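> File work03.cif below, mmCIF, C-alpha atoms:
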```cif
data_data
#
loop_
_atom_site.label_atom_id
_atom_site.label_comp_id
_atom_site.auth_asym_id
_atom_site.auth_seq_id
_atom_site.Cartn_x
_atom_site.Cartn_y
_atom_site.Cartn_z
CA MET A 9 12.94 20.76 5.28
CA LYS A 10 12.12 17.05 4.91
CA ASP A 11 11.06 16.88 8.58
CA LYS A 12 8.24 19.35 7.88
CA GLU A 13 6.70 17.25 5.12
CA ASN A 14 3.26 15.77 5.74
CA ASN A 15 2.91 12.90 3.27
CA TYR A 16 0.37 10.07 3.35
CA ALA A 17 0.55 6.54 1.97
CA PHE A 18 -2.46 4.72 0.54
CA ILE A 19 -1.82 0.97 0.37
CA ASP A 20 -3.75 -1.66 -1.58
CA SER A 21 -3.00 -4.45 0.91
CA GLN A 22 -4.27 -7.35 -1.18
CA ASN A 23 -2.27 -6.29 -4.23
CA VAL A 24 0.87 -5.81 -2.13
CA ASN A 25 0.48 -9.03 -0.17
CA LEU A 26 -0.17 -11.24 -3.20
CA ALA A 27 2.60 -9.64 -5.29
CA ILE A 28 5.17 -10.07 -2.51
CA LEU A 29 4.12 -13.66 -1.79
CA ASP A 30 4.39 -14.36 -5.53
CA GLN A 31 8.07 -13.39 -5.27
CA GLY A 32 8.60 -16.01 -2.55
CA TRP A 33 8.78 -13.84 0.55
CA LYS A 34 6.47 -12.32 3.14
CA LEU A 35 6.31 -8.61 3.91
CA ASP A 36 7.01 -7.45 7.47
CA PHE A 37 4.41 -4.70 7.80
CA GLY A 38 6.22 -3.20 10.81
CA ARG A 39 9.42 -2.77 8.84
CA PHE A 40 7.42 -1.53 5.88
CA ARG A 41 5.83 1.21 8.01
CA VAL A 42 9.27 2.37 9.16
CA TYR A 43 10.51 2.28 5.56
CA LEU A 44 7.61 4.47 4.42
CA LYS A 45 8.33 6.96 7.19
CA ASP A 46 12.08 7.06 6.52
CA LYS A 47 12.03 7.07 2.71
CA TYR A 48 8.92 9.16 1.99
CA ASN A 49 8.33 10.93 5.32
CA ILE A 50 4.90 9.30 5.62
CA THR A 51 3.00 10.63 8.62
CA LYS A 52 -0.15 8.56 8.00
CA ALA A 53 -0.33 5.20 6.26
CA PHE A 54 -3.79 4.03 5.21
CA LEU A 55 -4.06 0.29 4.68
CA PHE A 56 -7.09 -0.88 2.70
CA ILE A 57 -8.09 -4.42 3.54
CA GLY A 58 -11.05 -6.78 3.41
CA TYR A 59 -12.62 -7.43 6.79
CA LEU A 60 -12.89 -10.96 8.15
CA PRO A 61 -13.83 -11.39 11.84
CA GLU A 62 -11.31 -14.20 12.28
CA ASN A 63 -8.45 -11.78 11.42
CA GLN A 64 -9.19 -9.38 14.29
CA SER A 65 -5.81 -9.94 15.98
CA LEU A 66 -4.02 -9.11 12.71
CA TYR A 67 -5.97 -5.86 12.38
CA LEU A 68 -5.13 -4.86 15.96
CA LYS A 69 -1.44 -5.57 15.36
CA LEU A 70 -1.45 -3.46 12.19
CA GLN A 71 -3.08 -0.59 14.09
CA ASP A 72 -0.49 -0.96 16.87
CA ILE A 73 2.30 -0.45 14.34
CA ASP A 74 0.73 2.80 13.13
CA TYR A 75 -1.45 1.87 10.18
CA ILE A 76 -4.87 3.41 9.74
CA ILE A 77 -7.02 0.50 8.64
CA VAL A 78 -9.86 1.05 6.20
CA PHE A 79 -12.03 -2.03 5.96
CA LYS A 80 -14.02 -3.34 3.05
CA PRO A 81 -16.73 -5.90 3.78
CA VAL A 82 -15.96 -9.15 2.01
CA LEU A 83 -18.26 -11.65 0.40
CA LYS A 84 -17.65 -15.36 0.79
CA ARG A 85 -18.22 -17.24 -2.43
CA HIS A 86 -19.66 -20.72 -2.71
CA ASP A 87 -16.17 -22.13 -3.33
CA GLY A 88 -14.92 -20.71 -0.02
CA ASN A 89 -12.88 -17.88 -1.55
CA VAL A 90 -13.52 -14.32 -0.46
CA LYS A 91 -14.00 -11.19 -2.56
CA GLY A 92 -13.23 -7.77 -1.11
CA ASN A 93 -11.99 -5.32 -3.75
CA VAL A 94 -10.75 -2.14 -2.02
CA ASP A 95 -10.28 0.05 -5.11
CA ALA A 96 -13.20 2.40 -4.51
CA GLU A 97 -12.29 2.84 -0.83
CA LEU A 98 -8.70 3.69 -1.65
CA VAL A 99 -9.69 6.29 -4.25
CA LEU A 100 -12.36 7.80 -2.02
CA HIS A 101 -10.11 8.09 1.05
CA THR A 102 -7.26 9.52 -1.00
CA MET A 103 -9.61 12.30 -2.09
CA ILE A 104 -11.21 12.78 1.35
CA GLU A 105 -7.72 13.25 2.82
CA TYR A 106 -6.54 15.38 -0.14
CA PRO A 107 -6.50 18.71 1.74
CA SER A 108 -4.66 17.16 4.71
CA TYR A 109 -1.48 15.90 3.05
CA GLN A 110 1.24 17.55 1.01
CA LYS A 111 1.90 14.55 -1.22
CA ALA A 112 0.72 10.96 -1.53
CA VAL A 113 2.44 7.66 -2.10
CA ILE A 114 0.20 5.05 -3.70
CA VAL A 115 1.27 1.45 -3.09
CA THR A 116 -0.13 -0.89 -5.73
CA GLY A 117 0.52 -2.44 -9.11
CA ASP A 118 -3.15 -2.29 -10.12
CA GLY A 119 -3.94 -0.29 -13.24
CA ASP A 120 -7.43 0.45 -11.92
CA PHE A 121 -5.80 3.31 -10.01
CA TYR A 122 -4.46 4.98 -13.16
CA CYS A 123 -6.96 7.87 -13.09
CA LEU A 124 -6.24 8.60 -9.41
CA ILE A 125 -2.47 8.48 -9.89
CA ASP A 126 -2.68 10.59 -13.04
CA TYR A 127 -4.82 13.21 -11.27
CA LEU A 128 -2.52 13.39 -8.24
CA ASN A 129 0.48 13.69 -10.54
CA LYS A 130 -1.08 16.54 -12.54
CA GLN A 131 -1.93 18.34 -9.28
CA ASN A 132 1.68 17.89 -8.06
CA LYS A 133 0.36 15.82 -5.14
CA LEU A 134 1.95 12.50 -6.14
CA LEU A 135 5.18 11.85 -4.31
CA GLY A 136 5.51 8.34 -5.66
CA LEU A 137 4.00 5.12 -6.89
CA LEU A 138 5.43 2.09 -5.13
CA VAL A 139 4.77 -1.11 -7.08
CA PRO A 140 5.24 -4.46 -5.32
CA ASN A 141 6.52 -6.42 -8.33
CA VAL A 142 8.38 -4.98 -11.33
CA TYR A 143 7.56 -8.11 -13.35
CA LYS A 144 3.80 -8.15 -12.72
CA TYR A 145 2.07 -4.79 -12.73
CA SER A 146 -0.25 -2.88 -15.01
CA ARG A 147 1.55 -1.18 -17.88
CA LEU A 148 -0.93 1.69 -17.46
CA LEU A 149 1.29 2.76 -14.58
CA LYS A 150 4.49 2.87 -16.65
CA PRO A 151 4.16 6.54 -17.75
CA PHE A 152 4.99 7.63 -14.20
CA ALA A 153 8.55 6.29 -14.54
CA PRO A 154 11.30 7.10 -13.84
CA ASN A 155 10.79 9.98 -11.42
CA LYS A 156 7.70 8.71 -9.56
CA LEU A 157 7.77 4.94 -10.00
CA ASP A 158 9.62 2.62 -7.65
CA PHE A 159 9.49 -1.13 -7.01
CA MET A 160 9.62 -3.33 -3.93
CA ASN A 161 11.50 -6.26 -5.53
CA ASN A 162 14.88 -5.05 -4.26
CA LEU A 163 13.57 -4.50 -0.71
CA GLN A 164 13.39 -8.15 0.37
CA LYS A 165 16.44 -8.00 2.65
CA LYS A 166 15.15 -4.84 4.28
CA LEU A 167 11.44 -5.69 4.55
CA GLU A 168 11.11 -9.48 4.70
CA PHE A 169 9.27 -10.97 7.66
CA LYS A 170 11.58 -13.22 9.59
CA ASN A 171 9.95 -15.66 11.99
CA PRO A 172 12.06 -15.59 15.18
CA ARG A 173 11.21 -19.25 15.82
CA GLN A 174 13.09 -20.28 12.67
CA ASP A 175 16.49 -19.17 14.01
#
```
Represent the structure contained in this file as structure tokens.


Amino acid sequence: MKDKENNYAFIDSQNVNLAILDQGWKLDFGRFRVYLKDKYNITKAFLFIGYLPENQSLYLKLQDIDYIIVFKPVLKRHDGNVKGNVDAELVLHTMIEYPSYQKAVIVTGDGDFYCLIDYLNKQNKLLGLLVPNVYKYSRLLKPFAPNKLDFMNNLQKKLEFKNPRQD
């Protein structure tokens, strides 16, 4: 029966990337896509990311490994940092796609998504909440434990990017 599931993942890329880097490792997005397919039977994985023209090759690579990229325009601040919060896009696309998937996996540790996650859960459309770092995430998300909440901390060996030139 698992093969017939049609589940989607909605990924807050900035939250995931920063939380994983904070743990001292880098996520291999190719391995992560396979993990999502194998563990949650994800047929479509939406990756929400700020758009910078200089990262075009990264975006193409992510699309090649089966992510659907949803871009958010970013603003460059005077100090050189960029701001591109994807929260609204993630919520909107989760609801646009709502009739198309059986269940959703939300990948974030950001409490701003509480209302979305709560709604999906109450509608029996939440398959899981995958949080990048068990030590640094919004406690607003804690009520979804233990049956819906999972963490990426223990996935380093399985999902860490390994540069082949370092061998």

> Neighbouring residues of stretch 19-22 of chain A were defined as those with any atom within 8 Å, considering only C-alpha atoms; residues of the same chain fewer than 3 positions away were excluded. Please report them as a list in words.

Asn25, Leu26, Ala53, Phe54, Leu55, Phe56, Ile57, Val94, Asp95, Leu98, Ile114, Val115 and Thr116 of chain A

> Selection from above, C-alpha atoms, as a PDB file, in the frame of the given file, can you write it?


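Okay, again28.pdb is ready:
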```
ATOM      1  CA  ASN A  25       0.480  -9.030  -0.170  1.00  0.00           C
ATOM      2  CA  LEU A  26      -0.170 -11.240  -3.200  1.00  0.00           C
ATOM      3  CA  ALA A  53      -0.330   5.200   6.260  1.00  0.00           C
ATOM      4  CA  PHE A  54      -3.790   4.030   5.210  1.00  0.00           C
ATOM      5  CA  LEU A  55      -4.060   0.290   4.680  1.00  0.00           C
ATOM      6  CA  PHE A  56      -7.090  -0.880   2.700  1.00  0.00           C
ATOM      7  CA  ILE A  57      -8.090  -4.420   3.540  1.00  0.00           C
ATOM      8  CA  VAL A  94     -10.750  -2.140  -2.020  1.00  0.00           C
ATOM      9  CA  ASP A  95     -10.280   0.050  -5.110  1.00  0.00           C
ATOM     10  CA  LEU A  98      -8.700   3.690  -1.650  1.00  0.00           C
ATOM     11  CA  ILE A 114       0.200   5.050  -3.700  1.00  0.00           C
ATOM     12  CA  VAL A 115       1.270   1.450  -3.090  1.00  0.00           C
ATOM     13  CA  THR A 116      -0.130  -0.890  -5.730  1.00  0.00           C
TER      14      THR A 116
END
```

> Hey, what comes out of the PyMOL selection byres ((chain A and resi 150) around 12) on this file? Could you write it as a list in words?

Gly117, Asp118, Gly119, Tyr122, Ile125, Asp126, Leu137, Leu138, Val139, Val142, Tyr143, Lys144, Tyr145, Ser146, Arg147, Leu148, Leu149, Pro151, Phe152, Ala153, Pro154, Asn155, Lys156, Leu157, Asp158 and Phe159 of chain A

> Using all atoms listed in the file for the distances, tell me which of A:Lys133, A:Leu66, A:Ala96, A:Val78 is nearest to A:Asp120.

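Using all atoms listed in the file, the shortest distance to A:Asp120 belongs to A:Ala96.
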
> Using Å and a single decimal, report how far atom CA of A:Val113 sits from atom CA of A:Gln131.

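Here the two named atoms are 13.6 Å from each other.
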
> Pick out the residues sitting within 9 Å of stretch 90-92 of chain A, and hand them over as a list in words; count all atoms listed in the file, and ignore anything fewer than 3 positions along from it in its own chain.

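The filter keeps Gln22, Ile57, Gly58, Tyr59, Lys80, Pro81, Val82, Leu83, Lys84, Arg85 and Asp87 of chain A.
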
> I'd like the residues picked by the PyMOL selection byres ((chain A and resi 32-34) around 6) written out as a PyMOL selection string, using the chain letters and numbers from the file.

chain A and resi 29-31+35+168-169

> Looking at all atoms listed in the file, which of A:Phe121, A:Asn15, A:Gln164, A:Asn129 is the one that sits closest to A:Val99?

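Of all the options, A:Phe121 lies closest to A:Val99.
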
> Considering all atoms listed in the file, state which residue in the set A:Asp72, A:Asp36, A:Lys130, A:Phe18 is at the smallest distance from A:Asn171.

A:Asp36

> Up to 12 Å from (-0.3, 0.4, 15.6) in the file's coordinates: name the residues, counting all atoms listed in the file, as a ChimeraX atom specification.

/A:37-38,41-42,52-55,65-77

> Identify all residues satisfying the PyMOL selection byres ((chain A and resi 109) around 9) in the given file; provide them as a PyMOL selection string.

chain A and resi 13-16+51-52+105-108+110-112+133

> Taking only C-alpha atoms into account, which of A:Arg39, A:Leu167, A:His86, A:Tyr48 comes nearest A:Lys12?

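The closest residue to A:Lys12 is A:Tyr48.
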
> So how far away is atom CA of A:His101 from atom CA of A:Asn161, in Å?

26.8 Å

> Go ahead and compute the interatomic distance for atom CA of A:Asn89 and atom CA of A:Ala17, in Å to one decimal.

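Between atom CA of A:Asn89 and atom CA of A:Ala17 the gap works out to 28.1 Å.
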
> Choose the residue, out of A:Leu134, A:Val24, A:Leu124, A:Met103, that has the smallest atom-to-atom separation from A:Phe40; count all atoms listed in the file.

A:Val24

> Using only C-alpha atoms, which of the listed residues (A:Tyr127, A:Glu62, A:Gly136, A:Asn141) sits closest to A:Ile50?

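Looking at the shortest contact to A:Ile50, the residue is A:Gly136.
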